[in-house]
Amino acid sequence: MLNVPPQAFPAPRSQQRVAAGGRAKVPLKPGRSLMDWIRLTKSGKDLTGLKGRLAEVTEDELAKHNKKEDCWICIRGFVYNVTPYMEYHPGGEDELMKAAGTDGTDLFDQVRTTGSE
């Protein structure tokens, strides 16, 4: 048996803690863990849909990609195709959809800050 005070685990800034503000994780389907996502990203599959090319994206173009089947999000001026990540996101698809087709920087920063308390 470990002699560790209960308040020490998980560590105060650990991602295992759920912040008092309600950063909740949702149950993921089997095969959709963080390790599964890492394996997928290392598989060589084109997850961006751009075949390695960079593309300049206008606000109008970004706004068109606002569905679960076609979801892009802008964070700090970079646009990400998060469609393949939907089922792997620890906050669930609904959390990503809050920023679908828009600049989600403020939401991202808000959740990231809340989750580190």
# chains A, B, ... in the order shown; residues from 1 in each chain; ligands from 1
$ residues_around --residues "Tyr80 of chain A" --least-positions-apart "3" --cutoff "10 Å" --atoms "only C-alpha atoms" --output "list in words"
Thr48, Leu62, Cys71, Trp72, Ile73, Cys74, Ile75, Gly77, Thr83 and Gly101 of chain A
$ select_by_dssp --residues "segment 13-98 of chain A" --states "strand (DSSP E)" --output "count of residues only"
12
$ closest_residue --among "A:Arg53, A:Asn66, A:Gln110, A:Leu47" --to "Leu96 of chain A" --atoms "only C-alpha atoms"
A:Asn66
$ residues_around --residues "Leu34 of chain A" --least-positions-apart "4" --cutoff "10 Å" --atoms "only C-alpha atoms" --output "list in words"
Leu28, Ile38, Arg39, Leu40, Tyr88, His89 and Pro90 of chain A
$ closest_residue --among "A:Asp109, A:Gly49, A:Lys98, A:Glu93" --to "Lys25 of chain A" --atoms "only C-alpha atoms"
A:Glu93
$ atom_distance --atom1 "atom CA of Lys67 of chain A" --atom2 "atom CA of Ala100 of chain A"
6.9 Å
$ residues_around --residues "Phe78 of chain A" --least-positions-apart "4" --cutoff "12 Å" --atoms "only C-alpha atoms" --output "PyMOL selection string"
chain A and resi 54-59+62+72-74+102-105
$ closest_residue --among "A:Gly31, A:Leu107, A:Val79, A:Ala24" --to "Ala63 of chain A" --atoms "only C-alpha atoms"
A:Val79
$ atom_distance --atom1 "atom CA of Asp70 of chain A" --atom2 "atom CA of Tyr85 of chain A"
11.0 Å
$ atom_distance --atom1 "atom CA of Glu87 of chain A" --atom2 "atom CA of Lys29 of chain A"
7.5 Å
